[in-house]
file structure.txt (compact mmCIF, C-alpha atoms and all ligand atoms)
# COMPACT_ATOMS: atom_id res chain seq x y z
CA MET U 155 106.05 45.15 199.33
CA LYS U 156 103.46 42.57 198.30
CA LEU U 157 100.42 44.00 196.55
CA ASN U 158 97.20 42.22 195.66
CA ILE U 159 95.53 44.22 192.94
CA ALA U 160 92.11 43.51 191.49
CA LEU U 161 92.21 44.02 187.75
CA LEU U 162 88.96 45.11 186.15
CA ALA U 163 89.60 45.68 182.47
CA GLY U 164 85.95 46.23 181.52
CA ASP U 165 84.80 47.15 178.04
CA GLY U 166 85.97 48.71 174.81
CA ILE U 167 89.57 49.80 175.00
CA GLY U 168 89.66 48.89 178.71
CA PRO U 169 91.55 45.60 178.26
CA GLU U 170 94.10 47.20 175.91
CA VAL U 171 95.00 50.10 178.19
CA ILE U 172 94.94 47.88 181.27
CA ASP U 173 97.49 45.54 179.65
CA GLN U 174 99.91 48.43 179.32
CA ALA U 175 99.40 49.55 182.91
CA VAL U 176 100.16 46.00 184.06
CA LYS U 177 103.35 45.91 181.97
CA VAL U 178 104.56 49.19 183.37
CA SER U 179 103.59 48.35 186.97
CA ASP U 180 105.34 44.98 186.73
CA ALA U 181 108.45 46.72 185.44
CA VAL U 182 108.37 49.11 188.38
CA ALA U 183 107.79 46.24 190.81
CA ALA U 184 110.75 44.32 189.36
CA LYS U 185 112.99 47.35 189.60
CA TYR U 186 112.12 48.19 193.21
CA GLY U 187 111.72 44.64 194.51
CA HIS U 188 107.95 44.44 194.95
CA GLU U 189 105.60 41.64 194.12
CA ILE U 190 102.26 42.32 192.47
CA ASN U 191 99.60 39.68 192.37
CA TRP U 192 96.93 40.64 189.79
CA THR U 193 93.47 39.14 190.09
CA PRO U 194 91.32 39.75 187.01
CA ALA U 195 87.56 40.05 187.43
CA LEU U 196 84.61 40.74 185.17
CA THR U 197 82.73 44.00 184.92
CA GLY U 198 80.62 46.03 182.49
CA ALA U 199 79.20 44.68 179.24
CA ALA U 200 81.75 41.87 179.41
CA ALA U 201 80.20 40.76 182.71
CA ILE U 202 76.65 41.16 181.40
CA ASP U 203 77.51 38.85 178.52
CA ALA U 204 79.14 36.29 180.79
CA VAL U 205 76.88 36.25 183.84
CA GLY U 206 73.99 38.65 183.13
CA GLU U 207 75.03 41.46 185.41
CA PRO U 208 77.62 44.24 185.23
CA TYR U 209 79.15 44.00 188.72
CA PRO U 210 78.78 40.40 189.86
CA ASP U 211 79.20 39.41 193.51
CA GLU U 212 82.36 37.46 192.70
CA THR U 213 83.88 40.65 191.29
CA HIS U 214 82.91 42.57 194.40
CA GLU U 215 84.55 39.92 196.54
CA VAL U 216 87.79 40.22 194.56
CA CYS U 217 87.74 44.03 194.88
CA ALA U 218 86.77 44.17 198.53
CA THR U 219 89.60 41.87 199.56
CA ALA U 220 92.29 43.44 197.37
CA ASP U 221 94.83 46.10 198.38
CA ALA U 222 93.63 48.23 195.47
CA VAL U 223 91.58 48.03 192.29
CA LEU U 224 92.85 49.01 188.85
CA PHE U 225 90.00 49.70 186.49
CA GLY U 226 89.89 50.18 182.72
CA ALA U 227 86.66 51.46 181.24
CA ILE U 228 83.00 50.62 181.04
CA GLY U 229 80.27 51.08 178.45
CA HIS U 230 79.11 49.65 175.16
CA PRO U 231 77.21 51.40 172.34
CA ARG U 232 74.67 48.63 172.00
CA PHE U 233 73.25 49.80 175.34
CA ASP U 234 73.63 53.56 174.67
CA ASN U 235 71.27 53.35 171.75
CA ASP U 236 68.73 51.28 173.60
CA PRO U 237 67.03 53.44 176.25
CA SER U 238 64.85 50.48 177.23
CA ALA U 239 67.77 48.21 178.19
CA LYS U 240 67.13 46.87 181.68
CA VAL U 241 70.75 46.15 182.54
CA ARG U 242 73.43 48.64 181.52
CA PRO U 243 77.20 48.36 181.90
CA GLU U 244 77.35 51.75 183.66
CA GLN U 245 75.18 50.36 186.44
CA GLY U 246 78.13 48.13 187.23
CA LEU U 247 80.41 51.11 187.72
CA LEU U 248 77.89 52.88 189.93
CA LYS U 249 77.20 49.74 191.96
CA MET U 250 80.90 49.17 192.39
CA ARG U 251 81.49 52.75 193.58
CA GLN U 252 78.62 52.43 196.02
CA LYS U 253 79.39 48.95 197.34
CA LEU U 254 83.06 49.78 197.82
CA GLY U 255 82.11 53.09 199.46
CA LEU U 256 84.25 55.13 197.07
CA PHE U 257 82.82 58.52 197.93
CA ALA U 258 85.75 60.72 196.91
CA ASN U 259 86.94 60.81 193.33
CA VAL U 260 90.28 62.56 192.94
CA ARG U 261 90.78 63.94 189.44
CA PRO U 262 93.93 65.95 188.99
CA THR U 263 94.52 68.28 186.07
CA PHE U 264 98.06 69.21 185.13
CA THR U 265 99.99 69.97 182.00
CA PHE U 266 102.83 68.07 180.35
CA PRO U 267 105.67 70.37 179.26
CA SER U 268 105.95 68.77 175.82
CA LEU U 269 102.21 68.92 175.14
CA ILE U 270 101.37 72.47 176.09
CA ASP U 271 101.18 73.63 172.50
CA LYS U 272 98.84 70.75 171.64
CA SER U 273 96.12 72.13 173.87
CA PRO U 274 93.55 74.27 172.07
CA LEU U 275 94.06 76.75 174.93
CA LYS U 276 96.82 79.33 174.90
CA ARG U 277 100.13 78.44 176.54
CA GLU U 278 100.14 81.42 178.91
CA ARG U 279 96.73 80.47 180.24
CA ILE U 280 97.49 76.83 181.02
CA GLU U 281 101.23 76.46 181.64
CA GLY U 282 101.72 75.53 185.29
CA THR U 283 98.14 74.39 185.88
CA ASP U 284 97.99 72.08 188.87
CA LEU U 285 94.55 71.53 190.27
CA ILE U 286 92.47 68.72 191.70
CA ILE U 287 88.79 68.26 191.24
CA LEU U 288 87.46 66.26 194.14
CA ARG U 289 84.18 64.88 192.93
CA GLU U 290 81.60 63.38 195.28
CA LEU U 291 81.03 59.90 193.86
CA THR U 292 78.36 57.96 195.72
CA GLY U 293 75.55 60.46 196.12
CA GLY U 294 73.66 63.23 194.40
CA VAL U 295 71.56 62.86 191.30
CA TYR U 296 73.41 59.67 190.28
CA PHE U 297 71.89 57.84 193.23
CA GLY U 298 68.74 59.81 194.07
CA GLU U 299 65.23 58.62 193.47
CA ARG U 300 64.37 58.39 189.79
CA GLY U 301 61.51 57.17 187.72
CA ARG U 302 58.63 57.82 185.38
CA LYS U 303 55.09 58.91 186.01
CA ASP U 304 52.05 60.14 184.05
CA ASP U 305 52.01 57.08 181.84
CA SER U 306 55.71 57.47 181.36
CA ASN U 307 55.33 61.01 179.97
CA THR U 308 57.21 62.52 182.90
CA ALA U 309 60.64 61.45 184.08
CA PHE U 310 62.52 62.56 187.18
CA ASP U 311 65.93 62.22 188.81
CA THR U 312 66.47 63.60 192.29
CA MET U 313 69.57 65.33 193.60
CA THR U 314 69.77 64.45 197.27
CA TYR U 315 72.64 65.13 199.66
CA GLN U 316 72.98 64.41 203.33
CA ARG U 317 75.19 66.58 205.53
CA PHE U 318 77.58 63.74 206.38
CA GLU U 319 78.20 63.03 202.71
CA ILE U 320 79.26 66.62 202.15
CA GLN U 321 81.31 66.70 205.34
CA ARG U 322 83.40 63.63 204.57
CA LEU U 323 84.17 64.86 201.08
CA ALA U 324 84.92 68.41 202.23
CA LYS U 325 87.21 67.02 204.95
CA LYS U 326 89.29 65.28 202.28
CA GLY U 327 89.25 68.50 200.27
CA PHE U 328 90.50 70.61 203.17
CA GLU U 329 93.20 68.05 203.99
CA MET U 330 94.36 67.98 200.39
CA ALA U 331 94.40 71.75 200.21
CA MET U 332 96.56 71.86 203.36
CA LYS U 333 99.17 69.71 201.62
CA ARG U 334 99.03 71.76 198.43
CA GLY U 335 98.23 75.38 197.67
CA LYS U 336 95.88 75.92 200.66
CA LYS U 337 92.99 76.98 198.47
CA LEU U 338 89.63 75.28 198.36
CA CYS U 339 86.77 76.16 196.05
CA CYS U 340 83.32 74.76 196.70
CA VAL U 341 81.51 74.55 193.38
CA ASP U 342 77.73 74.38 193.44
CA LYS U 343 74.52 75.95 192.17
CA ALA U 344 73.41 77.46 195.46
CA ASN U 345 71.52 80.25 193.73
CA VAL U 346 69.00 77.65 192.58
CA LEU U 347 69.39 74.26 194.27
CA GLU U 348 68.55 73.47 197.89
CA SER U 349 71.10 70.64 197.97
CA SER U 350 73.75 73.16 196.94
CA ARG U 351 72.73 75.44 199.80
CA LEU U 352 73.35 72.51 202.15
CA TRP U 353 76.79 72.13 200.56
CA ARG U 354 77.61 75.77 201.23
CA GLU U 355 76.27 75.74 204.76
CA THR U 356 78.21 72.57 205.59
CA VAL U 357 81.51 73.73 204.12
CA GLN U 358 81.18 77.17 205.72
CA ALA U 359 80.79 75.52 209.11
CA MET U 360 84.04 73.59 208.55
CA GLU U 361 86.14 76.61 207.59
CA LYS U 362 87.09 77.41 211.18
CA ASP U 363 88.84 74.04 211.53
CA TYR U 364 91.20 74.93 208.69
CA PRO U 365 92.09 78.59 209.28
CA GLU U 366 95.02 78.41 206.85
CA VAL U 367 92.87 77.38 203.91
CA GLU U 368 91.44 80.14 201.76
CA VAL U 369 87.92 79.02 200.86
CA SER U 370 85.80 80.32 198.01
CA TYR U 371 82.34 79.47 196.75
CA GLU U 372 81.52 79.62 193.07
CA PHE U 373 78.60 78.64 190.88
CA VAL U 374 79.19 75.72 188.56
CA ASP U 375 78.22 77.59 185.40
CA ALA U 376 80.77 80.31 186.13
CA VAL U 377 83.41 77.70 186.94
CA ALA U 378 82.77 75.98 183.61
CA MET U 379 83.96 79.22 182.06
CA ARG U 380 86.77 80.18 184.45
CA LEU U 381 88.26 76.70 184.50
CA ILE U 382 89.46 77.02 180.93
CA GLN U 383 90.00 80.76 181.05
CA TRP U 384 92.32 80.74 184.05
CA PRO U 385 92.83 77.24 185.48
CA LYS U 386 95.78 78.47 187.53
CA GLY U 387 93.26 80.22 189.76
CA TYR U 388 92.25 76.85 191.25
CA ASP U 389 93.94 74.49 193.67
CA VAL U 390 91.37 72.05 195.11
CA ILE U 391 87.78 72.08 193.90
CA ILE U 392 85.12 70.12 195.76
CA THR U 393 81.85 69.46 194.03
CA ALA U 394 78.81 67.23 193.68
CA ASN U 395 78.77 64.08 191.57
CA LEU U 396 77.20 65.40 188.36
CA PHE U 397 79.01 68.75 188.41
CA GLY U 398 82.30 66.94 188.89
CA ASP U 399 81.56 64.55 186.05
CA ILE U 400 81.09 67.45 183.67
CA LEU U 401 83.90 69.68 184.91
CA THR U 402 86.50 66.91 184.81
CA ASP U 403 85.85 66.16 181.13
CA GLU U 404 86.18 69.85 180.48
CA ALA U 405 89.37 70.10 182.51
CA SER U 406 91.00 67.30 180.51
CA VAL U 407 91.21 69.69 177.54
CA ILE U 408 93.78 71.68 179.51
CA SER U 409 96.24 68.80 179.52
CA GLY U 410 95.86 68.11 175.81
CA SER U 411 93.93 64.83 175.60
CA MET U 412 91.24 62.85 177.40
CA GLY U 413 93.66 59.97 177.14
CA LEU U 414 96.02 61.48 179.70
CA MET U 415 94.15 62.12 182.90
CA PRO U 416 94.20 59.58 185.74
CA SER U 417 92.00 59.37 188.81
CA SER U 418 91.65 57.66 192.12
CA SER U 419 88.49 56.91 194.03
CA LEU U 420 88.82 56.77 197.77
CA GLY U 421 86.60 55.54 200.55
CA SER U 422 87.30 54.30 204.01
CA ASP U 423 88.71 51.01 202.81
CA VAL U 424 89.97 49.84 199.41
CA SER U 425 90.75 52.46 196.73
CA LEU U 426 90.23 52.28 193.01
CA TYR U 427 92.32 53.75 190.20
CA GLU U 428 90.99 54.46 186.74
CA PRO U 429 91.44 56.73 183.75
CA ILE U 430 88.80 59.44 183.49
CA HIS U 431 88.05 58.54 179.87
CA GLY U 432 85.40 56.08 178.74
CA SER U 433 85.47 52.85 176.75
CA TYR U 434 86.06 54.55 173.35
CA PRO U 435 84.16 51.81 171.44
CA GLN U 436 85.22 53.00 167.98
CA ALA U 437 88.83 52.16 168.86
CA THR U 438 88.20 48.77 170.45
CA GLY U 439 90.71 46.14 169.43
CA LYS U 440 92.62 48.50 167.15
CA ASP U 441 95.58 48.99 169.47
CA ILE U 442 95.38 52.79 169.04
CA ALA U 443 94.02 54.08 172.36
CA ASN U 444 96.24 56.17 174.57
CA PRO U 445 97.23 54.07 177.61
CA LEU U 446 98.78 56.95 179.58
CA ALA U 447 95.74 57.84 181.69
CA THR U 448 95.59 54.26 182.98
CA ILE U 449 99.35 54.09 183.48
CA LEU U 450 99.27 57.38 185.41
CA SER U 451 96.40 55.97 187.47
CA ALA U 452 98.73 53.13 188.42
CA ALA U 453 101.22 55.81 189.48
CA MET U 454 98.56 57.27 191.79
CA LEU U 455 98.11 53.79 193.24
CA PHE U 456 101.81 53.50 194.03
CA GLU U 457 101.81 57.01 195.51
CA ASP U 458 98.91 56.14 197.84
CA LYS U 459 100.83 53.07 199.03
CA ASN U 460 103.65 55.47 199.97
CA LEU U 461 105.76 54.14 197.11
CA THR U 462 106.66 57.65 196.08
CA GLU U 463 109.81 56.88 194.12
CA GLU U 464 107.98 54.18 192.19
CA ALA U 465 105.18 56.62 191.32
CA GLN U 466 107.72 59.21 190.24
CA ALA U 467 109.51 56.65 188.07
CA ILE U 468 106.27 56.14 186.15
CA ARG U 469 105.61 59.86 185.76
CA ASP U 470 109.19 60.44 184.63
CA VAL U 471 109.10 57.74 181.99
CA VAL U 472 105.73 59.02 180.75
CA ASN U 473 107.19 62.52 180.39
CA LYS U 474 110.15 61.05 178.57
CA SER U 475 107.91 59.20 176.11
CA LEU U 476 105.96 62.38 175.40
CA ALA U 477 109.13 64.40 174.91
CA GLU U 478 110.50 61.77 172.52
CA GLY U 479 107.26 61.47 170.59
CA ILE U 480 106.52 57.85 171.55
CA VAL U 481 102.81 58.61 171.46
CA THR U 482 99.53 57.17 170.21
CA GLU U 483 97.63 58.77 167.36
CA ASP U 484 95.63 61.21 169.50
CA LEU U 485 98.90 63.03 170.22
CA ALA U 486 100.86 62.26 167.06
CA GLU U 487 99.70 65.28 165.01
CA GLY U 488 101.01 64.11 161.68
CA GLY U 489 104.12 62.54 163.23
CA LYS U 490 104.57 58.83 163.76
CA ALA U 491 101.72 57.27 165.73
CA TYR U 492 102.71 54.34 167.93
CA LYS U 493 100.38 51.53 168.85
CA THR U 494 98.95 51.26 172.37
CA SER U 495 101.06 48.16 172.98
CA GLU U 496 104.20 49.78 171.58
CA VAL U 497 103.85 52.70 173.96
CA GLY U 498 103.40 50.24 176.84
CA ASP U 499 106.45 48.21 175.78
CA TRP U 500 108.57 51.34 175.45
CA LEU U 501 107.58 52.59 178.88
CA ALA U 502 108.16 49.22 180.57
CA LYS U 503 111.59 48.97 178.94
CA ASN U 504 112.55 52.48 179.93
CA ILE U 505 111.48 52.26 183.58
C1 LIG B 1 83.02 58.98 184.65
C2 LIG B 1 82.04 58.42 183.65
C3 LIG B 1 80.92 57.72 184.40
C4 LIG B 1 80.25 58.74 185.30
C5 LIG B 1 79.91 57.00 183.50
C6 LIG B 1 80.56 56.00 182.58
C7 LIG B 1 78.79 56.37 184.28
O1 LIG B 1 81.56 59.42 182.82
O2 LIG B 1 83.60 58.19 185.41
O3 LIG B 1 83.22 60.19 184.67
O4 LIG B 1 79.36 59.48 184.82
O5 LIG B 1 80.59 58.81 186.46
MG MG B 2 82.50 61.29 183.10
call {"tool": "encode", "arguments": {"input": "structure.txt", "output": "structure tokens", "more": "lines below"}}
Ligand code: IPM
Ligand code: MG
result
Amino acid sequence: MKLNIALLAGDGIGPEVIDQAVKVSDAVAAKYGHEINWTPALTGAAAIDAVGEPYPDETHEVCATADAVLFGAIGHPRFDNDPSAKVRPEQGLLKMRQKLGLFANVRPTFTFPSLIDKSPLKRERIEGTDLIILRELTGGVYFGERGRKDDSNTAFDTMTYQRFEIQRLAKKGFEMAMKRGKKLCCVDKANVLESSRLWRETVQAMEKDYPEVEVSYEFVDAVAMRLIQWPKGYDVIITANLFGDILTDEASVISGSMGLMPSSSLGSDVSLYEPIHGSYPQATGKDIANPLATILSAAMLFEDKNLTEEAQAIRDVVNKSLAEGIVTEDLAEGGKAYKTSEVGDWLAKNI
């Protein structure tokens, strides 16, 4: 197969982890006889510095015409500490999600056999966890009306949802549940928020189309607790943009490190693959960041192109590296810590 992949390394550790994902993907392509054509494009603070905006039109063009997008990370501290900044790297990510129509963000949570005891949670609670948080990605409070009033002494952000936005996400959720454990949990705050009541009403109306799926409705605060108490109770979770943002960071603790969890963002057209972690500015350029989340995101890309064996080859070699202790410092625990690039080299060689 010939694949044209847009490569958006972004900021901070983005370029370092992306390099490793490219190495590993190229190794897989060589082994299985595929050809990958990578097209780099600017985004985030890097794009602001170069052309004054975080998701330039040229970058959109590259993404929109690619078979898939592989994305590193976005964000830079010089903007975080400046609330008055007019352009922010994160705006690039949001604009990209919106312009590419990536409304469904798939964030799996699973455990790695050799890392279970590294999680701060007890083995018996997390072993065998296999859940997906399907986060709505182009609506809600991230995109609602926002602003200041009263001489800037009042600020507001609005959480707005339209029925079709909930329906298209829930449809993906039901379909995923059908292929997995046939359980769907709609996570909201319907005891307080009107938009959440629309979520419930919409999902309830869809239940009859998927009689085999067991559907539950839970409040987000309770799920924040249950998710780490008994993650095995969940199969597919569907939730609004902000709730999903928070719950997926929390869920990453189950697997042992933020540096491990991949994601895909799906729309009606091109899909994007990215680690769930951020740009980790303190580690920039040090060759210490964990590249596995990005590499496993590449595995999700292969899987979605129906290259199942290729995806499995990546997951297998990742498991092997963890079992053999070829890990970056976040997982080294006093043992030898390998560099980001060394982990990438090892994986590519062992594919
Ligand atoms: C994520 C990130 C982003 C988000 C930030 C960087 C805007 O936290 O992908 O989860 O909030 O969506
Ligand atoms: Mg987040």
call {"tool": "residues_around", "arguments": {"input": "structure.txt", "residues": "Arg334 (chain U)", "least_positions_apart": "5", "cutoff": "9 Å", "atoms": "all atoms listed in the file", "output": "MDAnalysis selection string"}}
result
chainID U and resid 329 389:390
call {"tool": "write_last_selection", "arguments": {"input": "structure.txt", "atoms": "C-alpha atoms", "output": "compact mmCIF listing (two decimals), in the frame of the given file"}}
result
# COMPACT_ATOMS: atom_id res chain seq x y z
CA GLU U 329 93.20 68.05 203.99
CA ASP U 389 93.94 74.49 193.67
CA VAL U 390 91.37 72.05 195.11
call {"tool": "residues_near_point", "arguments": {"input": "structure.txt", "point": "(91.8, 69.2, 180.7)", "cutoff": "12 Å", "atoms": "all atoms listed in the file", "output": "PDB file with C-alpha atoms, in the coordinates of the input"}}
result
ATOM      1  CA  ARG U 261      90.780  63.940 189.440  1.00  0.00           C
ATOM      2  CA  PRO U 262      93.930  65.950 188.990  1.00  0.00           C
ATOM      3  CA  THR U 263      94.520  68.280 186.070  1.00  0.00           C
ATOM      4  CA  PHE U 264      98.060  69.210 185.130  1.00  0.00           C
ATOM      5  CA  THR U 265      99.990  69.970 182.000  1.00  0.00           C
ATOM      6  CA  PHE U 266     102.830  68.070 180.350  1.00  0.00           C
ATOM      7  CA  LEU U 269     102.210  68.920 175.140  1.00  0.00           C
ATOM      8  CA  ILE U 270     101.370  72.470 176.090  1.00  0.00           C
ATOM      9  CA  LYS U 272      98.840  70.750 171.640  1.00  0.00           C
ATOM     10  CA  SER U 273      96.120  72.130 173.870  1.00  0.00           C
ATOM     11  CA  PRO U 274      93.550  74.270 172.070  1.00  0.00           C
ATOM     12  CA  LEU U 275      94.060  76.750 174.930  1.00  0.00           C
ATOM     13  CA  ILE U 280      97.490  76.830 181.020  1.00  0.00           C
ATOM     14  CA  GLU U 281     101.230  76.460 181.640  1.00  0.00           C
ATOM     15  CA  THR U 283      98.140  74.390 185.880  1.00  0.00           C
ATOM     16  CA  ASP U 284      97.990  72.080 188.870  1.00  0.00           C
ATOM     17  CA  LEU U 285      94.550  71.530 190.270  1.00  0.00           C
ATOM     18  CA  ILE U 286      92.470  68.720 191.700  1.00  0.00           C
ATOM     19  CA  ILE U 287      88.790  68.260 191.240  1.00  0.00           C
ATOM     20  CA  ALA U 378      82.770  75.980 183.610  1.00  0.00           C
ATOM     21  CA  LEU U 381      88.260  76.700 184.500  1.00  0.00           C
ATOM     22  CA  ILE U 382      89.460  77.020 180.930  1.00  0.00           C
ATOM     23  CA  GLN U 383      90.000  80.760 181.050  1.00  0.00           C
ATOM     24  CA  PRO U 385      92.830  77.240 185.480  1.00  0.00           C
ATOM     25  CA  ILE U 400      81.090  67.450 183.670  1.00  0.00           C
ATOM     26  CA  LEU U 401      83.900  69.680 184.910  1.00  0.00           C
ATOM     27  CA  THR U 402      86.500  66.910 184.810  1.00  0.00           C
ATOM     28  CA  ASP U 403      85.850  66.160 181.130  1.00  0.00           C
ATOM     29  CA  GLU U 404      86.180  69.850 180.480  1.00  0.00           C
ATOM     30  CA  ALA U 405      89.370  70.100 182.510  1.00  0.00           C
ATOM     31  CA  SER U 406      91.000  67.300 180.510  1.00  0.00           C
ATOM     32  CA  VAL U 407      91.210  69.690 177.540  1.00  0.00           C
ATOM     33  CA  ILE U 408      93.780  71.680 179.510  1.00  0.00           C
ATOM     34  CA  SER U 409      96.240  68.800 179.520  1.00  0.00           C
ATOM     35  CA  GLY U 410      95.860  68.110 175.810  1.00  0.00           C
ATOM     36  CA  SER U 411      93.930  64.830 175.600  1.00  0.00           C
ATOM     37  CA  MET U 412      91.240  62.850 177.400  1.00  0.00           C
ATOM     38  CA  GLY U 413      93.660  59.970 177.140  1.00  0.00           C
ATOM     39  CA  LEU U 414      96.020  61.480 179.700  1.00  0.00           C
ATOM     40  CA  MET U 415      94.150  62.120 182.900  1.00  0.00           C
ATOM     41  CA  PRO U 416      94.200  59.580 185.740  1.00  0.00           C
ATOM     42  CA  ILE U 430      88.800  59.440 183.490  1.00  0.00           C
ATOM     43  CA  HIS U 431      88.050  58.540 179.870  1.00  0.00           C
TER      44      HIS U 431
END
call {"tool": "atom_distance", "arguments": {"input": "structure.txt", "atom1": "CA of Ile172 (chain U)", "atom2": "CA of Thr193 (chain U)"}}
result
12.5 Å
call {"tool": "residues_near_ligand", "arguments": {"input": "structure.txt", "ligand": "ligand LIG 1 (chain B)", "cutoff": "7 Å", "atoms": "all atoms listed in the file", "output": "list of chain:residue names"}}
result
U:Ile228, U:Gly229, U:Glu244, U:Leu247, U:Leu248, U:Asp399, U:Ile430, U:His431, U:Gly432
call {"tool": "residues_around", "arguments": {"input": "structure.txt", "residues": "Leu196 (chain U)", "least_positions_apart": "5", "cutoff": "9 Å", "atoms": "all atoms listed in the file", "output": "JSON, numbers by chain"}}
result
{"U": [161, 162, 163, 164, 201, 202, 204, 208, 209, 210, 212, 213]}
call {"tool": "atom_distance", "arguments": {"input": "structure.txt", "atom1": "CA of Ile468 (chain U)", "atom2": "CA of His214 (chain U)"}}
result
28.2 Å
call {"tool": "closest_residue", "arguments": {"input": "structure.txt", "among": "U:Gly489, U:Gly206, U:Pro429, U:Pro435", "to": "ligand MG 2 (chain B)", "atoms": "only C-alpha atoms and all ligand atoms"}}
result
U:Pro429
call {"tool": "atom_distance", "arguments": {"input": "structure.txt", "atom1": "CA of Cys340 (chain U)", "atom2": "CA of Ile392 (chain U)"}}
result
5.1 Å
call {"tool": "residues_around", "arguments": {"input": "structure.txt", "residues": "region 250-257 of chain U", "least_positions_apart": "3", "cutoff": "6 Å", "atoms": "only C-alpha atoms", "output": "number ranges by chain"}}
result
U: 246-247, 290-292, 419-421
call {"tool": "residues_around", "arguments": {"input": "structure.txt", "residues": "Arg354 (chain U)", "least_positions_apart": "4", "cutoff": "12 Å", "atoms": "all atoms listed in the file", "output": "PyMOL selection string"}}
result
chain U and resi 315+317+320-321+324+339-345+347-350+358-361+369-373+392-394
